[in-house]
Amino acid sequence: MEVNGKDDLNAPLLKSSDDFVVDIPQPTNNKERKIRTVKFKIGEIKCASCSTTVESLLQKLDGIENAVVSPLQGLAAINYIPELIKVKKIKEAIEEAGFPVDEFPEQDILVCRLRIKGMACTSCSESIERALQMIDGVKTAVVGLALEEAKVHFDPNLTDTDCIIEAIEDAGFGAELISSENDANKVHLTVEGVNSPEDLTIIRSLLESVVGVTHVEMNLEENKITVAYDPDLTGPRSLINCIKEAGNGSKSYNASLFVAPIRREAEQQQEIRIYRDQFFLSCIFSVPVFVFSMLLPMLPPYGNWLDYKIHNMLTIGILLRWILCTPVQFIIGRRFYVGSYYALRRKSANMDVLVALGTNAAYFYSMYIVIKALTSDKFEGQDFFETSAMLISFILLGKYLEVLAKGKTSDALSKLTDLAPDTAHLLTLDNDGNVVSEEEISTQLLQKNDIIRIVPGAKVPVDGIVIDGQSHVNESMITGEAIPIAKGPGDKVIGGTMNENGCLLVKATHVGSETALSQIVQLVEAAQLARAPVQKLADKISRFFVPTVVAAAFLTWLGWFITGQAGVYPDYWIPEATNKFELALQFGISVLVVACPCALGLATPTAVMVATGKGASQGVLIKGGNALEKAHKVKTVVFDKTGTLTVGKPEVVSAMPFSGYSMEEFCDLATAAEVNSEHPMAKAVVEHAKRYHQKIGSHTKHFTEVKDFEVHTGAGVSGKVGDATVLVGNKRLMRACKVPIGREVDDYISKNEQLARTCVLVAIDGKVAGAFAVTDPVKPEAKLVISYLRSMSISSVMVTGDNLATATAIANEVGIDKVFAETDPLGKADKIKELQMKGMAVAMVGDGINDSPALAAADVGMAIGAGTDVAIEAADIVLIKSNLEDVVTAIDLSRKTMSRIRLNYVWALGYNILGMPIAAGILFPFTGIRLPPWLAGACMAASSISVVCSSLLLQSYKKPLHAGMPKEPCLSLLG
């Protein structure tokens with residue numbers, strides 16, 4: 001690592017913004033407190049005296065490090081300590097001095113993701129969202145119940161991640177930061193050998209001098225350094241080497257990647273272990289209570305000893321049940337008290353409230369029985385200690401099975417995450433391209449332009465381009481394409497795919513979070529965090545669910561107690577050793593604990609979580625529950641032609657010169673004009689010209705330079721080649737430039753258009769010199785896909801910029817009835833809006849670039865053949881491989897998922913709608929059947945488990961269309 005000079009080490013890392021004419025003094029001490037900068041415009045600044053007044057006013061505020069106000073522009077730049085003062089207070093202080101803040105611009109919004117612990121139902125996630133939205137500076141907050149994560153957009157000038165975590169903890173939940181700000185181009189390093197502030201200064205200065213480093217943060221307590229950098233200029237390995245080289249003499253430094261101590265899988269396993277251990281511990285006490293209260297009294301003389309009276313009416317059985325139940329109620333069941341406390345403190349109610357009310361009612365009524373039995377020699381009563389103990393045990397069993405099942409909902413995502421190998425073989429080459437050295441390093445240390453060796457049977461660590469070697473790569477884990485793809489020099493490879501047979505040398509082009517695999521994982525995680533519109537039903541119900549259940553339980557108890565006291569029902573209905581009050585209490589407790597808000601909250605997110613993960617594993621990326629829900633409503637699919645219904649690699653199949661021009665002459669002039677165009681048709685013309693020159697023995701590599709080159713959108717190109725004016729394009733371009741098209745040319749065009757070929761005309765000096773007939777083969781699966789969509793009651797439409805005759809020929813070949821031809825990108829969007837005006841839900845299938853307006857206008861935009869560029873903003877669904885089968889897969893998966901969500905609601909609501917009346921005793925007068933509280937608790941636990949298991953059945957989803965037709969590996973745009 002070379003340094004330009006000693007003075008460079010002290011140069012500021014970040015320059016002043018070009019928008020400001022003021023210099024902001026750099027803070028001299030920023031080791032202990034974070035210092036932020038806020039900028040805004042102040043009105044009524046008329047002279048230097050006004051700006052001095054504002055500066056003096058701000059300097060007096062506690063927490064302001066320095067402030068500079070420009071008297072000419074009224075622009076203020078203020079350095080402040082967010083722990084001591086907020087931006088809002090700064091603004092108010094300026095306004096109180098008589099200077100209005102004309103603009104209080106939106107500051108840079110940062111995003112952080114947090115892991116949330118302790119959520120049980122939708123009520124919990126809503127409570128966290130409310131708590132976050134109350135924080136000054138938080139713009140939006142989304143909490144995913146199934147994913148157990150939160151995504152928060154916030155203004156760093158008003159709050160920070162510490163305040164966000166504190167707010168979540170104040171609401172009664174645990175929180176842990178996953179990522180913040182732009183972690184895409186940041187590396188976290190652990191440093192060894194740093195013992196003093198001087199060491200930090202040396203390392204900071206050296207890192208800041210590295211080309212590409214934009215920001216350095218030091219943490220002496222944890223010996224941790226966070227470096228933000230430009231991945232095109234440097235990378236983690238260079239930064240680590242830089243730190244190592246900072247040592248001199250007796251001082252030596254070392255650095256390594258900082259590994260976060262806790263991962264999601266470890267947390268899930270820990271949660272599973274906690275619930276399992278608590279359940280088993282609860283059983284140690286609950287099973288004897290159940291035996292002493294239910295089994296032994298029914299087996300005389302074995303249970304007679306339980307009736308032995310210790311004092312007055314207090315028996316051994318009651319005492320043992322009390323002793324065994326108490327630790328279950330207050331130690332093992334402590335989590336329900338804590339959860340209830342925080343829920344009630346934030347003015348909401350959840351499952352913990354229902355459990356705490358039910359078990360407390362049973363326990364403290366039983367305590368009343370104990371006290372009465374101890375103090376009376378005639379009192380007889382039945383305790384409910386087994387109700388409290390068994391209820392807690394069953395609920396813990398239910399939570400244990402629930403977290404066990406919920407862990408499997410993210411299996412697909414976990415498998416995707418684990419696809420990338422941990423290590424890679426890094427090569428060092430000399431100037432002649434010979435391998436000088438080879439070392440095995442962590443994949444996370446790879447940088448752009450690194451050369452890596454991939455041996456047979458090894459996984460590709462990052463995205464790159466093959467520079468040497470031949471092999472076949474299995475990309476099924478990323479694209480779903482079962483056939484291995486042939487790879488050679490110049491071909492792209494994707495991180496996470498498997499090298500089958502040959503040895504490849506690959507140059508890294510995308511590393512870290514820029515790889516296709518990382519972007520897929522990010523998209524799936526974002527989709528799982530997003531809330532589907534159908535979930536609004538559960539959100540609405542959850543707001544009044546628990547209060548309604550509590551009211552229903554109270555009315556149940558009151559109804560049975562009053563009717564019992566009034567003698568409405570006969571005494572023989574009352575079970576032995578139970579009175580009317582106790583019977584009414586049992587009914588009330590059963591109603592409390594049979595209702596389960598958790599099942600409703602899990603109905604949608606678990607299904608979305610499984611479906612998005614399953615889709616990603618099959619090459620279909622669904623961006624959230626909203627897209628997933630809309631796709632099942634689609635009744636019309638609009639297809640682009642080139643690259644969607646066709647292969648997207650046009651070829652010239654015939655060429656015809658006209659008006660006396662030679663084939664070589666018109667080919668040369670056409671190629672000179674087209675060589676500057678990026679259009680697929682232009683490339684086809686250039687390739688044909690090269691092949692023609694090879695055929696006639698000419699080896700021309702240089703074409704005449706075109707002048708006045710101009711692209712005519714949707715029509716062609718024009719320019720000056722030598723002394724000739726050349727036009728290359730379709731009939732629309734010829735008409736616009738008033739080039740006459742003779743009968744011979746028109747017949748040639750008509751003949752080829754009927755064969756589904758596109759004609760590219762070449763005009764020289766106002767006359768048609770010749771034409772190329774270009775064909776783009778239809779994808780082999782296109783006809784089957786259109787036919788299958790028709791069987792799903794979905795109509796298909798083609799919208800293309802090509803001419804009507806060619807478009808109609810392609811449409812007839814694949815089975816599409818409605819065609820809109822010669823349409824520009826904005827016109828495609830208008831056609832989609834016309835279809836929507838007729839009440840149709842429309843999906844647009846395009847290449848994600850030229851079709852962006854149409855993709856955005858459609859109800860569901862599907863970007864097909866995305867290659868490694870998976871983060872297409874305009875599309876709702878990204879189909880990774882260039883295969884139309886995935887259009888059917890996306891719609892069918894959406895339908896299956898929505899059907900599963902509805903079934904989940906049936907399970908969830910069914911338990912509550914049927915369970916609550918039965919628990920309230922509606923069957924008891926007719927059949928004598930009643931639901932004891934402990935059994936009601938088991939039903940409550942079963943409802944959540946059934947919903948999660950129902951969602952897990954989506955893991956068995958299979959594509960409705962499989963690769964039954966022949967496919968060429970070269971058709972994959974990922975290859």
# chains A, B, ... in the order shown; residues from 1 in each chain; ligands from 1
>>> select_by_dssp(residues="range 436-568 of chain A", states="helix (DSSP H, G or I)", output="VMD selection string")
chain A and resid 443 to 445 476 to 479 512 to 514 516 to 529 533 to 565
>>> residues_around(residues="Gln268 in chain A", least_positions_apart="5", cutoff="9 Å", atoms="only C-alpha atoms", output="mmCIF file with all heavy atoms, in the first residue's frame")
data_model
loop_
_atom_site.group_PDB
_atom_site.id
_atom_site.type_symbol
_atom_site.label_atom_id
_atom_site.label_comp_id
_atom_site.auth_asym_id
_atom_site.auth_seq_id
_atom_site.Cartn_x
_atom_site.Cartn_y
_atom_site.Cartn_z
ATOM 1 N N ARG A 263 -26.704 -15.875 14.344
ATOM 2 C CA ARG A 263 -27.373 -15.947 13.061
ATOM 3 C C ARG A 263 -28.799 -16.412 13.268
ATOM 4 O O ARG A 263 -29.154 -16.937 14.316
ATOM 5 C CB ARG A 263 -26.631 -16.910 12.131
ATOM 6 C CG ARG A 263 -25.220 -16.468 11.809
ATOM 7 C CD ARG A 263 -24.555 -17.460 10.884
ATOM 8 N NE ARG A 263 -25.266 -17.564 9.628
ATOM 9 C CZ ARG A 263 -24.976 -18.492 8.700
ATOM 10 N NH1 ARG A 263 -24.012 -19.357 8.925
ATOM 11 N NH2 ARG A 263 -25.653 -18.551 7.576
ATOM 12 N N ARG A 273 -35.259 -24.784 21.485
ATOM 13 C CA ARG A 273 -34.769 -25.431 22.712
ATOM 14 C C ARG A 273 -35.440 -24.852 23.954
ATOM 15 O O ARG A 273 -35.793 -25.580 24.890
ATOM 16 C CB ARG A 273 -33.250 -25.276 22.824
ATOM 17 C CG ARG A 273 -32.461 -26.221 21.944
ATOM 18 C CD ARG A 273 -30.994 -26.267 22.374
ATOM 19 N NE ARG A 273 -30.376 -24.951 22.299
ATOM 20 C CZ ARG A 273 -29.775 -24.481 21.207
ATOM 21 N NH1 ARG A 273 -29.720 -25.216 20.109
ATOM 22 N NH2 ARG A 273 -29.228 -23.278 21.207
ATOM 23 N N VAL A 403 -43.075 -23.116 16.659
ATOM 24 C CA VAL A 403 -41.770 -22.578 16.241
ATOM 25 C C VAL A 403 -40.994 -23.622 15.443
ATOM 26 O O VAL A 403 -40.200 -23.286 14.564
ATOM 27 C CB VAL A 403 -40.935 -22.093 17.452
ATOM 28 C CG1 VAL A 403 -41.619 -20.934 18.137
ATOM 29 C CG2 VAL A 403 -40.652 -23.210 18.432
ATOM 30 N N LEU A 404 -41.241 -24.899 15.751
ATOM 31 C CA LEU A 404 -40.608 -25.973 14.995
ATOM 32 C C LEU A 404 -41.082 -25.927 13.546
ATOM 33 O O LEU A 404 -40.287 -26.030 12.605
ATOM 34 C CB LEU A 404 -40.961 -27.329 15.624
ATOM 35 C CG LEU A 404 -40.005 -28.499 15.406
ATOM 36 C CD1 LEU A 404 -38.637 -28.197 15.983
ATOM 37 C CD2 LEU A 404 -40.573 -29.761 16.034
ATOM 38 N N GLY A 407 -39.963 -22.641 11.633
ATOM 39 C CA GLY A 407 -38.580 -22.691 11.178
ATOM 40 C C GLY A 407 -38.461 -23.293 9.792
ATOM 41 O O GLY A 407 -37.578 -22.931 9.011
#
>>> atom_distance(atom1="CA of Val524 in chain A", atom2="CA of Lys623 in chain A")
6.9 Å
>>> residues_around(residues="Tyr275 in chain A", least_positions_apart="2", cutoff="8 Å", atoms="only C-alpha atoms", output="list in words")
Glu271, Ile272, Arg273, Asp277, Gln278, Phe279, Leu396, Leu397, Lys399 and Tyr400 of chain A
>>> atom_distance(atom1="CA of Leu299 in chain A", atom2="CA of Ala919 in chain A")
28.1 Å
>>> select_by_dssp(residues="range 337-548 of chain A", states="strand (DSSP E)", output="PyMOL selection string")
chain A and resi 423-429+435-442+451-454+463-468+471-474+485-487+492-493+498-499+504-510
>>> closest_residue(among="A:Leu391, A:Ile574, A:Leu600, A:Val610", to="Arg930 in chain A", atoms="only C-alpha atoms")
A:Ile574
>>> atom_distance(atom1="CA of Thr713 in chain A", atom2="CA of Asp640 in chain A")
16.8 Å
>>> residues_around(residues="range 907-917 of chain A", least_positions_apart="4", cutoff="7 Å", atoms="only C-alpha atoms", output="VMD selection string")
chain A and resid 591 594 to 596 599 to 600 903 921 to 922 943 947
>>> closest_residue(among="A:Met844, A:Val721, A:Leu58, A:Ala175", to="Glu95 in chain A", atoms="only C-alpha atoms")
A:Leu58
>>> residues_around(residues="range 152-157 of chain A", least_positions_apart="4", cutoff="9 Å", atoms="only C-alpha atoms", output="compact mmCIF listing (two decimals) with N, CA and C atoms, in the first residue's frame")
# COMPACT_ATOMS: atom_id res chain seq x y z
N ARG A 36 -23.39 14.79 13.70
CA ARG A 36 -24.09 14.78 12.43
C ARG A 36 -24.18 16.20 11.89
N THR A 37 -24.46 16.31 10.61
CA THR A 37 -24.61 17.60 9.95
C THR A 37 -26.00 17.72 9.36
N VAL A 38 -26.67 18.83 9.62
CA VAL A 38 -27.97 19.12 9.01
C VAL A 38 -27.84 20.40 8.21
N PRO A 82 -26.51 14.47 18.13
CA PRO A 82 -27.91 14.05 18.22
C PRO A 82 -28.34 13.59 19.61
N LYS A 86 -32.04 17.74 19.10
CA LYS A 86 -32.69 17.24 17.90
C LYS A 86 -32.82 18.35 16.86
N VAL A 87 -32.94 17.94 15.61
CA VAL A 87 -33.04 18.90 14.51
C VAL A 87 -34.28 19.78 14.68
N GLU A 106 -36.18 17.25 3.17
CA GLU A 106 -36.10 15.86 3.60
C GLU A 106 -34.63 15.43 3.58
N GLN A 107 -34.15 14.94 4.70
CA GLN A 107 -32.76 14.51 4.78
C GLN A 107 -32.62 13.13 4.15
N ASP A 108 -31.39 12.67 4.02
CA ASP A 108 -31.15 11.34 3.50
C ASP A 108 -31.83 10.32 4.39
N ILE A 109 -32.64 9.47 3.81
CA ILE A 109 -33.36 8.47 4.58
C ILE A 109 -32.55 7.17 4.56
N LEU A 110 -32.30 6.63 5.73
CA LEU A 110 -31.57 5.37 5.86
C LEU A 110 -32.55 4.25 6.17
N VAL A 111 -32.10 3.05 5.95
CA VAL A 111 -32.92 1.87 6.19
C VAL A 111 -32.16 0.93 7.11
N CYS A 112 -32.86 0.39 8.10
CA CYS A 112 -32.24 -0.63 8.95
C CYS A 112 -33.19 -1.82 9.07
N ARG A 113 -32.60 -2.99 9.22
CA ARG A 113 -33.38 -4.21 9.45
C ARG A 113 -33.03 -4.74 10.82
N LEU A 114 -34.05 -5.17 11.54
CA LEU A 114 -33.86 -5.65 12.91
C LEU A 114 -34.54 -7.00 13.10
N LEU A 132 -42.77 2.22 16.81
CA LEU A 132 -41.74 2.75 15.92
C LEU A 132 -42.19 4.04 15.24
N ASP A 136 -39.69 10.18 16.62
CA ASP A 136 -39.44 11.34 15.78
C ASP A 136 -38.32 11.02 14.79
N GLY A 137 -38.63 11.04 13.51
CA GLY A 137 -37.63 10.73 12.50
C GLY A 137 -37.88 9.44 11.75
N VAL A 138 -38.73 8.56 12.29
CA VAL A 138 -39.07 7.31 11.60
C VAL A 138 -40.14 7.61 10.55
N LYS A 139 -39.83 7.29 9.30
CA LYS A 139 -40.75 7.56 8.20
C LYS A 139 -41.74 6.42 8.00
N THR A 140 -41.22 5.21 7.86
CA THR A 140 -42.07 4.03 7.73
C THR A 140 -41.46 2.89 8.51
N ALA A 141 -42.33 2.00 8.97
CA ALA A 141 -41.87 0.81 9.70
C ALA A 141 -42.79 -0.35 9.36
N VAL A 142 -42.19 -1.45 8.94
CA VAL A 142 -42.94 -2.65 8.61
C VAL A 142 -42.39 -3.79 9.44
N VAL A 143 -43.28 -4.51 10.12
CA VAL A 143 -42.87 -5.62 10.97
C VAL A 143 -43.48 -6.90 10.42
N THR A 161 -30.31 4.02 15.12
CA THR A 161 -30.71 2.64 15.38
C THR A 161 -30.82 2.34 16.87
N ILE A 164 -34.21 3.35 17.99
CA ILE A 164 -35.20 2.43 17.43
C ILE A 164 -35.24 1.14 18.25
>>> closest_atom_pairs(of="range 289-387 of chain A", to="range 541-558 of chain A", cutoff="8 Å", atoms="only C-alpha atoms", output="Markdown table")
| residue | atom | partner | partner_atom | distance |
| --- | --- | --- | --- | --- |
| A:Ser348 | CA | A:Arg543 | CA | 7.8 |
| A:Ala349 | CA | A:Val546 | CA | 5.9 |
| A:Asn350 | CA | A:Val546 | CA | 6.3 |
| A:Met351 | CA | A:Val546 | CA | 7.6 |
| A:Val353 | CA | A:Val546 | CA | 8.0 |
| A:Leu354 | CA | A:Val546 | CA | 7.2 |
>>> write_last_selection(atoms="C-alpha atoms", output="PDB file, in the first residue's frame")
ATOM      1  CA  SER A 348     -53.348  -3.598  23.408  1.00  0.00           C
ATOM      2  CA  ALA A 349     -54.078  -7.231  24.159  1.00  0.00           C
ATOM      3  CA  ASN A 350     -52.682 -10.484  22.818  1.00  0.00           C
ATOM      4  CA  MET A 351     -52.636 -14.202  23.499  1.00  0.00           C
ATOM      5  CA  VAL A 353     -53.461 -11.669  28.161  1.00  0.00           C
ATOM      6  CA  LEU A 354     -55.950 -14.483  27.484  1.00  0.00           C
TER       7      LEU A 354
END
>>> residues_around(residues="Glu96 in chain A", least_positions_apart="6", cutoff="12 Å", atoms="only C-alpha atoms", output="number ranges by chain")
A: 54, 57-58, 89-90
